[in-house]
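File shown here: target.tsv, holding TSV, C-alpha atoms.
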chain	number	residue	atom	x	y	z
A	732	MET	CA	108.26	100.49	71.10
A	733	TYR	CA	111.25	100.54	73.48
A	734	LYS	CA	114.65	99.52	72.14
A	735	LYS	CA	115.75	97.84	75.31
A	736	ASN	CA	115.82	94.29	76.61
A	737	PHE	CA	112.59	92.52	77.51
A	738	ILE	CA	112.91	93.12	81.26
A	739	SER	CA	113.61	96.83	80.75
A	740	ILE	CA	110.62	97.14	78.45
A	741	LEU	CA	108.25	95.60	81.02
A	742	PHE	CA	109.71	97.73	83.81
A	743	LEU	CA	109.44	100.99	81.83
A	744	LYS	CA	105.89	100.34	80.65
A	745	ALA	CA	104.71	99.57	84.18
A	746	ARG	CA	106.55	102.55	85.67
A	747	HIS	CA	105.16	104.87	83.01
A	748	LYS	CA	101.61	103.65	83.66
A	749	LYS	CA	102.01	104.19	87.42
A	750	THR	CA	103.46	107.66	86.83
A	751	ILE	CA	100.59	108.66	84.53
A	752	GLU	CA	98.15	107.61	87.27
A	753	LEU	CA	99.82	110.02	89.72
A	754	LEU	CA	99.27	112.86	87.26
A	755	ASP	CA	95.47	112.45	87.34
A	756	GLY	CA	93.79	115.66	88.40
A	757	ILE	CA	96.41	118.11	87.15
A	758	LYS	CA	96.24	119.96	83.85
A	759	PRO	CA	99.71	121.22	82.90
A	760	LYS	CA	100.01	123.43	79.84
A	761	ARG	CA	103.80	123.12	79.61
A	762	ILE	CA	105.67	119.92	80.54
A	763	LEU	CA	109.42	119.27	80.71
A	764	ASP	CA	110.77	115.71	80.91
A	765	VAL	CA	114.34	115.79	82.26
A	766	GLY	CA	116.33	112.80	81.07
A	767	CYS	CA	113.66	112.02	78.48
A	768	ASP	CA	115.79	109.33	76.82
A	769	ASP	CA	114.08	108.07	73.63
A	770	GLY	CA	110.89	110.07	74.19
A	771	HIS	CA	108.43	107.24	74.80
A	772	PHE	CA	107.12	108.74	78.03
A	773	LEU	CA	106.68	112.11	76.31
A	774	GLY	CA	104.63	110.26	73.71
A	775	MET	CA	102.38	108.94	76.47
A	776	LEU	CA	102.10	112.44	77.92
A	777	SER	CA	101.08	113.83	74.54
A	778	GLU	CA	98.13	111.42	74.60
A	779	LYS	CA	97.14	112.25	78.18
A	780	PHE	CA	97.65	116.01	77.73
A	781	PRO	CA	96.99	116.61	74.01
A	782	ASP	CA	96.86	120.40	74.38
A	783	SER	CA	100.09	120.68	76.39
A	784	LYS	CA	103.40	121.96	75.04
A	785	LEU	CA	106.06	119.28	75.58
A	786	TYR	CA	109.78	119.64	76.13
A	787	GLY	CA	112.46	117.06	76.72
A	788	CYS	CA	116.14	117.18	77.56
A	789	ASP	CA	118.80	114.53	77.78
A	790	LEU	CA	122.58	114.22	77.76
A	791	ASP	CA	122.40	111.53	75.06
A	792	GLY	CA	122.10	113.01	71.55
A	793	ILE	CA	121.47	109.60	69.99
A	794	ALA	CA	118.50	109.01	72.32
A	795	LEU	CA	117.18	112.45	71.39
A	796	GLU	CA	117.26	111.53	67.69
A	797	GLU	CA	114.86	108.69	68.50
A	798	ALA	CA	112.80	110.96	70.76
A	799	ARG	CA	112.25	113.40	67.89
A	800	LYS	CA	110.76	110.54	65.86
A	801	VAL	CA	108.67	109.14	68.71
A	802	CYS	CA	107.27	112.49	69.83
A	803	PRO	CA	107.62	115.01	66.98
A	804	LYS	CA	105.31	117.41	68.80
A	805	ALA	CA	107.93	118.04	71.52
A	806	GLU	CA	110.93	120.35	71.54
A	807	PHE	CA	114.22	118.79	72.67
A	808	SER	CA	117.46	120.11	74.14
A	809	GLU	CA	120.71	118.22	74.53
A	810	GLY	CA	122.84	118.81	77.59
A	811	ASP	CA	122.92	119.11	81.36
A	812	PHE	CA	119.49	120.13	82.67
A	813	THR	CA	121.02	122.44	85.28
A	814	LYS	CA	122.90	124.38	82.58
A	815	LEU	CA	120.20	124.61	79.91
A	816	ASP	CA	117.75	127.51	79.61
A	817	PHE	CA	114.04	126.79	79.65
A	818	LYS	CA	110.91	128.90	79.82
A	819	PRO	CA	108.72	128.31	82.90
A	820	VAL	CA	106.65	125.12	82.86
A	821	ASP	CA	103.75	123.69	84.86
A	822	LEU	CA	105.26	120.23	85.32
A	823	VAL	CA	108.85	119.00	85.53
A	824	LEU	CA	109.40	115.25	85.41
A	825	MET	CA	112.55	113.55	86.63
A	826	LEU	CA	112.04	109.82	86.23
A	827	GLU	CA	114.94	107.90	87.70
A	828	ILE	CA	117.38	110.64	86.84
A	829	ILE	CA	118.04	112.59	90.04
A	830	GLU	CA	119.96	109.70	91.61
A	831	HIS	CA	122.50	109.88	88.78
A	832	SER	CA	123.35	113.50	89.58
A	833	LYS	CA	126.38	114.52	91.59
A	834	ASP	CA	124.26	117.40	92.89
A	835	PRO	CA	120.59	116.36	93.25
A	836	ARG	CA	119.80	119.54	95.18
A	837	LYS	CA	120.91	121.66	92.22
A	838	MET	CA	118.58	119.68	89.95
A	839	LEU	CA	115.66	120.13	92.33
A	840	GLU	CA	116.42	123.85	92.73
A	841	LYS	CA	116.33	124.29	88.96
A	842	ALA	CA	112.99	122.45	88.78
A	843	VAL	CA	111.62	124.71	91.53
A	844	LYS	CA	112.66	127.82	89.57
A	845	LEU	CA	110.90	126.52	86.46
A	846	THR	CA	107.60	125.67	88.23
A	847	SER	CA	106.61	128.66	90.36
A	848	LYS	CA	103.02	127.40	90.66
A	849	GLY	CA	103.31	123.95	89.20
A	850	HIS	CA	104.34	120.39	89.96
A	851	ILE	CA	107.53	118.38	90.07
A	852	LEU	CA	107.35	114.62	89.76
A	853	VAL	CA	110.39	112.62	90.85
A	854	SER	CA	110.84	108.88	90.72
A	855	MET	CA	113.94	107.33	92.18
A	856	PRO	CA	115.24	104.06	93.56
A	857	ARG	CA	115.37	103.59	97.31
A	858	PRO	CA	118.97	102.65	98.19
A	859	GLU	CA	117.95	102.45	101.85
A	860	LEU	CA	116.22	99.15	101.06
A	861	LEU	CA	118.28	95.95	101.08
A	862	ARG	CA	116.04	94.42	98.41
A	863	TRP	CA	116.81	97.35	96.06
A	864	ARG	CA	120.57	97.02	96.66
A	865	MET	CA	120.34	93.29	95.90
A	866	ILE	CA	118.26	93.80	92.73
A	867	TRP	CA	120.54	96.60	91.55
A	868	GLY	CA	123.65	94.54	92.28
A	869	ILE	CA	122.36	91.71	90.09
A	870	TRP	CA	121.07	94.01	87.33
A	871	SER	CA	124.23	96.12	87.13
A	872	SER	CA	126.43	93.02	87.02
A	873	PHE	CA	125.12	92.40	83.49
A	874	SER	CA	126.31	95.72	82.10
A	875	GLU	CA	129.29	98.00	82.63
A	876	ARG	CA	127.03	100.89	81.62
A	877	TRP	CA	125.25	100.84	84.98
A	878	LYS	CA	128.12	100.31	87.40
A	879	GLY	CA	128.47	103.02	90.02
A	880	GLN	CA	125.78	105.26	88.59
A	881	HIS	CA	123.59	105.76	91.65
A	882	SER	CA	123.98	108.18	94.51
A	883	LYS	CA	122.94	107.13	98.00
A	884	LEU	CA	120.11	109.70	98.09
A	885	THR	CA	117.25	108.21	100.08
A	886	GLU	CA	113.55	108.87	99.74
A	887	LYS	CA	113.50	110.61	103.13
A	888	GLN	CA	116.44	112.84	102.17
A	889	LEU	CA	114.76	113.86	98.92
A	890	ILE	CA	111.47	114.67	100.68
A	891	GLU	CA	113.31	116.76	103.29
A	892	MET	CA	115.28	118.55	100.56
A	893	ALA	CA	112.07	119.27	98.66
A	894	GLN	CA	110.34	120.61	101.77
A	895	LYS	CA	113.28	122.94	102.49
A	896	LEU	CA	112.84	124.31	98.97
A	897	GLY	CA	109.15	125.02	99.69
A	898	LEU	CA	107.65	122.01	97.92
A	899	LYS	CA	104.66	120.10	99.30
A	900	LEU	CA	104.31	116.37	98.75
A	901	GLU	CA	100.87	115.90	97.15
A	902	LYS	CA	100.96	112.27	96.04
A	903	HIS	CA	103.32	109.43	96.77
A	904	SER	CA	103.45	105.90	95.49
A	905	TRP	CA	105.86	103.00	95.37
A	906	PHE	CA	106.61	100.73	92.48
A	907	PHE	CA	108.61	97.57	91.82
A	908	PHE	CA	108.22	95.87	95.22
A	909	GLY	CA	108.52	99.26	96.94
A	910	CYS	CA	112.00	99.77	95.50
A	911	ILE	CA	111.08	102.82	93.39
A	912	SER	CA	109.50	105.87	94.98
A	913	ILE	CA	107.31	108.12	92.81
A	914	MET	CA	106.54	111.51	94.35
A	915	LEU	CA	104.44	114.39	93.05
A	916	PHE	CA	105.36	117.69	94.66
A	917	ARG	CA	103.43	120.97	94.45
A	918	ASN	CA	105.34	124.23	94.12
A	919	GLY	CA	103.57	127.38	95.26
Kindly present the structure from the file in structure tokens form.
Amino acid sequence: MYKKNFISILFLKARHKKTIELLDGIKPKRILDVGCDDGHFLGMLSEKFPDSKLYGCDLDGIALEEARKVCPKAEFSEGDFTKLDFKPVDLVLMLEIIEHSKDPRKMLEKAVKLTSKGHILVSMPRPELLRWRMIWGIWSSFSERWKGQHSKLTEKQLIEMAQKLGLKLEKHSWFFFGCISIMLFRNG
């Protein structure tokens, strides 16, 4: 399934399951996964929402090649989410992607524009927690790829930013010893 190391595979599967649970009760017709990587979560979404139109975007063209195989039903775009054009959607997903942005507000603003009466689901690490900083320090020491890739955006800051943009927090859950926050916001 996932072409990652064993620990990453377990983490992603568990996070995806928890995220799917938060989507219970909504029925989006059009879904955009920002930072969709290799498309495995879109594949899960296609099972949960078989009648929905799926879209994915990512900066990594090689990951998108895999995503096209994993979820052939979806349409994919390569590039910076904030610079790409999309039709309106009912659900925007940003799973551990917003913390990599130099301008998280710009990402959230774009998601708000795309979901006038829909939902935005954001998951992100909680750098305000010492246990997360310790876990991340150990994890990132094994790979140059991950060094310095996280902003210091906290859960509280993201919620405040979302509220200023008119979003309402509908559901909220924590994952991975409380180190990852998963938030479902309602727009409109």
May I ask which of the residues A:Phe742, A:Trp870, A:Phe812, A:Trp863 is the closest one to A:Leu845, counting only C-alpha atoms?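 Among the listed residues, A:Phe812 lies closest to A:Leu845.
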For A:Phe807: contacts at 10 Å, all atoms listed in the file, fewer than 5 positions along chain excluded, given as a PDB file with C-alpha atoms, keeping the file's coordinate frame:
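Generated file (around_38.pdb):
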ATOM      1  CA  LEU A 763     109.420 119.270  80.710  1.00  0.00           C
ATOM      2  CA  ASP A 764     110.770 115.710  80.910  1.00  0.00           C
ATOM      3  CA  CYS A 767     113.660 112.020  78.480  1.00  0.00           C
ATOM      4  CA  GLY A 770     110.890 110.070  74.190  1.00  0.00           C
ATOM      5  CA  LEU A 785     106.060 119.280  75.580  1.00  0.00           C
ATOM      6  CA  TYR A 786     109.780 119.640  76.130  1.00  0.00           C
ATOM      7  CA  GLY A 787     112.460 117.060  76.720  1.00  0.00           C
ATOM      8  CA  CYS A 788     116.140 117.180  77.560  1.00  0.00           C
ATOM      9  CA  ASP A 789     118.800 114.530  77.780  1.00  0.00           C
ATOM     10  CA  GLY A 792     122.100 113.010  71.550  1.00  0.00           C
ATOM     11  CA  LEU A 795     117.180 112.450  71.390  1.00  0.00           C
ATOM     12  CA  GLU A 796     117.260 111.530  67.690  1.00  0.00           C
ATOM     13  CA  ALA A 798     112.800 110.960  70.760  1.00  0.00           C
ATOM     14  CA  ARG A 799     112.250 113.400  67.890  1.00  0.00           C
ATOM     15  CA  CYS A 802     107.270 112.490  69.830  1.00  0.00           C
TER      16      CYS A 802
END
Which residues, protein or nucleic acid, reach to within 12 Å of (122.0, 109.7, 90.5) in the file's coordinates when using all atoms listed in the file, and can you give that as JSON, numbers by chain? {"A": [766, 825, 826, 827, 828, 829, 830, 831, 832, 833, 834, 835, 836, 838, 853, 854, 855, 856, 857, 858, 877, 878, 879, 880, 881, 882, 883, 884, 885, 889]}
Would you save the residues from that selection as a short mmCIF file (atom, residue, chain, number, x, y, z; two decimals), in the frame of the given file, using C-alpha atoms?
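Saved as again_2.cif:
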data_model
loop_
_atom_site.label_atom_id
_atom_site.label_comp_id
_atom_site.auth_asym_id
_atom_site.auth_seq_id
_atom_site.Cartn_x
_atom_site.Cartn_y
_atom_site.Cartn_z
CA GLY A 766 116.33 112.80 81.07
CA MET A 825 112.55 113.55 86.63
CA LEU A 826 112.04 109.82 86.23
CA GLU A 827 114.94 107.90 87.70
CA ILE A 828 117.38 110.64 86.84
CA ILE A 829 118.04 112.59 90.04
CA GLU A 830 119.96 109.70 91.61
CA HIS A 831 122.50 109.88 88.78
CA SER A 832 123.35 113.50 89.58
CA LYS A 833 126.38 114.52 91.59
CA ASP A 834 124.26 117.40 92.89
CA PRO A 835 120.59 116.36 93.25
CA ARG A 836 119.80 119.54 95.18
CA MET A 838 118.58 119.68 89.95
CA VAL A 853 110.39 112.62 90.85
CA SER A 854 110.84 108.88 90.72
CA MET A 855 113.94 107.33 92.18
CA PRO A 856 115.24 104.06 93.56
CA ARG A 857 115.37 103.59 97.31
CA PRO A 858 118.97 102.65 98.19
CA TRP A 877 125.25 100.84 84.98
CA LYS A 878 128.12 100.31 87.40
CA GLY A 879 128.47 103.02 90.02
CA GLN A 880 125.78 105.26 88.59
CA HIS A 881 123.59 105.76 91.65
CA SER A 882 123.98 108.18 94.51
CA LYS A 883 122.94 107.13 98.00
CA LEU A 884 120.11 109.70 98.09
CA THR A 885 117.25 108.21 100.08
CA LEU A 889 114.76 113.86 98.92
#
Which one is closest to A:Leu839: A:Lys749, A:Arg862, A:Lys895, A:Lys784? Count all atoms listed in the file.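 That would be A:Lys895, the residue with the smallest distance to A:Leu839.
Residue nearest A:Asn918 within the list A:Glu809, A:Glu840, A:Asp768, A:Asp755: A:Glu840 [criterion: smallest interatomic distance, only C-alpha atoms].
The space separating atom CA of A:Phe817 from atom CA of A:Ile911 comes to 27.8 Å.
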Just need the box for stretch 856-868 of chain A, edges along x, y and z, holding every atom the file lists for it with 8 Å tacked onto each side, so centre and edge lengths in Å to one decimal, as lines of an AutoDock Vina configuration file.
center_x = 119.4
center_y = 98.7
center_z = 96.7
size_x = 24.4
size_y = 26.8
size_z = 26.3
What does the distance from atom CA of A:Lys848 to atom CA of A:Leu824 come to in Å, to one decimal?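 Computed distance, atom CA of A:Lys848 to atom CA of A:Leu824, equals 14.7 Å.
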What is the atom CA of A:Met892 to atom CA of A:Ala842 distance in Å?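 One can read the atom CA of A:Met892 to atom CA of A:Ala842 distance as 12.6 Å.
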Supply stretch 839-856 of chain A as a PDB file, keeping the file's coordinate frame, with N, CA and C atoms built in where the input has gaps.
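That gives us result_18.pdb:
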ATOM      1  N   LEU A 839     116.953 119.805  91.738  1.00  0.00           N
ATOM      2  CA  LEU A 839     115.660 120.130  92.330  1.00  0.00           C
ATOM      3  C   LEU A 839     115.461 121.645  92.388  1.00  0.00           C
ATOM      4  N   GLU A 840     116.509 122.387  92.715  1.00  0.00           N
ATOM      5  CA  GLU A 840     116.420 123.850  92.730  1.00  0.00           C
ATOM      6  C   GLU A 840     116.048 124.397  91.362  1.00  0.00           C
ATOM      7  N   LYS A 841     116.649 123.848  90.320  1.00  0.00           N
ATOM      8  CA  LYS A 841     116.330 124.290  88.960  1.00  0.00           C
ATOM      9  C   LYS A 841     114.862 123.984  88.637  1.00  0.00           C
ATOM     10  N   ALA A 842     114.392 122.810  89.016  1.00  0.00           N
ATOM     11  CA  ALA A 842     112.990 122.450  88.780  1.00  0.00           C
ATOM     12  C   ALA A 842     112.056 123.395  89.527  1.00  0.00           C
ATOM     13  N   VAL A 843     112.420 123.771  90.743  1.00  0.00           N
ATOM     14  CA  VAL A 843     111.620 124.710  91.530  1.00  0.00           C
ATOM     15  C   VAL A 843     111.525 126.056  90.816  1.00  0.00           C
ATOM     16  N   LYS A 844     112.645 126.533  90.293  1.00  0.00           N
ATOM     17  CA  LYS A 844     112.660 127.820  89.570  1.00  0.00           C
ATOM     18  C   LYS A 844     111.771 127.783  88.334  1.00  0.00           C
ATOM     19  N   LEU A 845     111.684 126.638  87.694  1.00  0.00           N
ATOM     20  CA  LEU A 845     110.900 126.520  86.460  1.00  0.00           C
ATOM     21  C   LEU A 845     109.397 126.358  86.722  1.00  0.00           C
ATOM     22  N   THR A 846     109.012 125.986  87.933  1.00  0.00           N
ATOM     23  CA  THR A 846     107.600 125.670  88.230  1.00  0.00           C
ATOM     24  C   THR A 846     107.091 126.517  89.387  1.00  0.00           C
ATOM     25  N   SER A 847     106.999 127.804  89.228  1.00  0.00           N
ATOM     26  CA  SER A 847     106.610 128.660  90.360  1.00  0.00           C
ATOM     27  C   SER A 847     105.261 128.293  90.951  1.00  0.00           C
ATOM     28  N   LYS A 848     104.329 127.850  90.148  1.00  0.00           N
ATOM     29  CA  LYS A 848     103.020 127.400  90.660  1.00  0.00           C
ATOM     30  C   LYS A 848     102.631 126.099  89.966  1.00  0.00           C
ATOM     31  N   GLY A 849     103.556 125.195  89.905  1.00  0.00           N
ATOM     32  CA  GLY A 849     103.310 123.950  89.200  1.00  0.00           C
ATOM     33  C   GLY A 849     103.678 122.737  90.027  1.00  0.00           C
ATOM     34  N   HIS A 850     104.026 121.671  89.325  1.00  0.00           N
ATOM     35  CA  HIS A 850     104.340 120.390  89.960  1.00  0.00           C
ATOM     36  C   HIS A 850     105.703 119.884  89.511  1.00  0.00           C
ATOM     37  N   ILE A 851     106.289 119.090  90.373  1.00  0.00           N
ATOM     38  CA  ILE A 851     107.530 118.380  90.070  1.00  0.00           C
ATOM     39  C   ILE A 851     107.294 116.926  90.453  1.00  0.00           C
ATOM     40  N   LEU A 852     107.502 116.044  89.500  1.00  0.00           N
ATOM     41  CA  LEU A 852     107.350 114.620  89.760  1.00  0.00           C
ATOM     42  C   LEU A 852     108.729 113.974  89.698  1.00  0.00           C
ATOM     43  N   VAL A 853     109.082 113.291  90.767  1.00  0.00           N
ATOM     44  CA  VAL A 853     110.390 112.620  90.850  1.00  0.00           C
ATOM     45  C   VAL A 853     110.149 111.149  91.137  1.00  0.00           C
ATOM     46  N   SER A 854     110.791 110.293  90.346  1.00  0.00           N
ATOM     47  CA  SER A 854     110.840 108.880  90.720  1.00  0.00           C
ATOM     48  C   SER A 854     112.311 108.531  90.897  1.00  0.00           C
ATOM     49  N   MET A 855     112.554 107.692  91.871  1.00  0.00           N
ATOM     50  CA  MET A 855     113.940 107.330  92.180  1.00  0.00           C
ATOM     51  C   MET A 855     113.983 106.011  92.927  1.00  0.00           C
ATOM     52  N   PRO A 856     115.087 105.292  92.782  1.00  0.00           N
ATOM     53  CA  PRO A 856     115.240 104.060  93.560  1.00  0.00           C
ATOM     54  C   PRO A 856     115.454 104.401  95.032  1.00  0.00           C
TER      55      PRO A 856
END
